[in-house]
Amino acid sequence: METFRGHHSWVQTLAYSPDGEVIAVGNDDIVYIWDLSTGQNITSFIGHTNLITGLSFSPDGKTIASACRDGTILLWDLKTLVENR
């Protein structure tokens with residue numbers, strides 16, 4: 001069992017990448033990306049103004065869609081997020 005620490009409040013939603021190597025976890029207005037093999041946080045990002053209520057990876061694993069209680073859906077390019085960390 002692996003424990004991922006670093007969230008500042010309750011986990012609202014999560015999604016596994018298609019290759020099973022990472023998970024995206026949403027709480028409040030932050031999305032965290034975790035490496036499942038190491039348990040390390042790869043990156044995190046902010047863009048919503050309220051609770052994140054849903055996350056999904058594109059079939060190729062390159063894009064993450066995040067839905068928010070504020071009525072918005074944002075699309076994130078995972079490669080760009082990791083490179084700009």
# chains A, B, ... in the order shown; residues from 1 in each chain; ligands from 1

$ select_by_dssp --residues "chain A" --states "strand (DSSP E or B)" --output "NGL selection string"
:A and (13-16 or 22-27 or 30-35 or 41-46 or 52-57 or 63-68 or 73-77)

$ atom_distance --atom1 "atom CA of A:Ala15" --atom2 "atom CA of A:Thr63"
12.0 Å

$ residues_around --residues "stretch 50-56 of chain A" --least-positions-apart "3" --cutoff "6 Å" --atoms "only C-alpha atoms" --output "list in words"
Thr13, Ala15, Gly26, Asn27, Asp28, Asp29, Ile64, Ala65, Ser66, Ala67, Cys68, Arg69 and Asp70 of chain A

$ closest_residue --among "A:Thr49, A:Thr38, A:Ser9, A:Thr43" --to "A:Lys79" --atoms "only C-alpha atoms"
A:Thr43

$ closest_residue --among "A:Phe45, A:Phe57, A:Trp76, A:Trp34" --to "A:Pro18" --atoms "only C-alpha atoms"
A:Phe57

$ residues_around --residues "A:Ile23" --least-positions-apart "2" --cutoff "8 Å" --atoms "only C-alpha atoms" --output "PDB file with N, CA and C atoms, in the first residue's frame"
ATOM      1  N   LEU A  14     -10.366  11.604  -8.342  1.00  0.00           N
ATOM      2  CA  LEU A  14      -9.080  11.159  -8.875  1.00  0.00           C
ATOM      3  C   LEU A  14      -9.296  10.386 -10.170  1.00  0.00           C
ATOM      4  N   ALA A  15      -8.217  10.274 -10.948  1.00  0.00           N
ATOM      5  CA  ALA A  15      -8.257   9.532 -12.207  1.00  0.00           C
ATOM      6  C   ALA A  15      -6.900   8.907 -12.456  1.00  0.00           C
ATOM      7  N   TYR A  16      -6.912   7.664 -12.935  1.00  0.00           N
ATOM      8  CA  TYR A  16      -5.688   6.975 -13.340  1.00  0.00           C
ATOM      9  C   TYR A  16      -5.378   7.306 -14.786  1.00  0.00           C
ATOM     10  N   SER A  17      -4.087   7.470 -15.102  1.00  0.00           N
ATOM     11  CA  SER A  17      -3.680   7.642 -16.493  1.00  0.00           C
ATOM     12  C   SER A  17      -3.911   6.338 -17.243  1.00  0.00           C
ATOM     13  N   GLY A  20      -1.482   3.690 -16.508  1.00  0.00           N
ATOM     14  CA  GLY A  20      -1.417   3.276 -15.118  1.00  0.00           C
ATOM     15  C   GLY A  20      -0.189   3.750 -14.366  1.00  0.00           C
ATOM     16  N   GLU A  21       0.552   4.695 -14.937  1.00  0.00           N
ATOM     17  CA  GLU A  21       1.785   5.154 -14.297  1.00  0.00           C
ATOM     18  C   GLU A  21       1.589   6.316 -13.347  1.00  0.00           C
ATOM     19  N   VAL A  25      -5.173  13.823  -8.913  1.00  0.00           N
ATOM     20  CA  VAL A  25      -6.022  13.918  -7.730  1.00  0.00           C
ATOM     21  C   VAL A  25      -6.446  15.368  -7.557  1.00  0.00           C
ATOM     22  N   ILE A  33      -0.519  15.657  -9.526  1.00  0.00           N
ATOM     23  CA  ILE A  33      -0.153  14.512 -10.352  1.00  0.00           C
ATOM     24  C   ILE A  33       0.894  13.707  -9.581  1.00  0.00           C
ATOM     25  N   TRP A  34       0.581  12.428  -9.348  1.00  0.00           N
ATOM     26  CA  TRP A  34       1.445  11.548  -8.564  1.00  0.00           C
ATOM     27  C   TRP A  34       1.993  10.418  -9.421  1.00  0.00           C
ATOM     28  N   ASP A  35       3.279  10.123  -9.240  1.00  0.00           N
ATOM     29  CA  ASP A  35       3.929   8.981  -9.879  1.00  0.00           C
ATOM     30  C   ASP A  35       3.635   7.754  -9.020  1.00  0.00           C
ATOM     31  N   LEU A  36       2.955   6.777  -9.592  1.00  0.00           N
ATOM     32  CA  LEU A  36       2.554   5.606  -8.811  1.00  0.00           C
ATOM     33  C   LEU A  36       3.718   4.688  -8.452  1.00  0.00           C
TER      34      LEU A  36
END

$ select_by_dssp --residues "chain A" --states "alpha helix (DSSP H)" --output "PyMOL selection string"
chain A and resi 78-83

$ write_last_selection --atoms "C-alpha atoms" --output "PDB file, in the first residue's frame"
ATOM      1  CA  LEU A  78       0.414  17.181 -18.987  1.00  0.00           C
ATOM      2  CA  LYS A  79       3.790  17.404 -20.756  1.00  0.00           C
ATOM      3  CA  THR A  80       3.799  21.210 -20.572  1.00  0.00           C
ATOM      4  CA  LEU A  81       2.813  21.167 -16.899  1.00  0.00           C
ATOM      5  CA  VAL A  82       5.640  18.798 -15.980  1.00  0.00           C
ATOM      6  CA  GLU A  83       8.226  20.692 -18.042  1.00  0.00           C
TER       7      GLU A  83
END

$ atom_distance --atom1 "atom CA of A:Ile46" --atom2 "atom CA of A:Asp19"
24.0 Å

$ atom_distance --atom1 "atom CA of A:Gly61" --atom2 "atom CA of A:Thr3"
22.9 Å
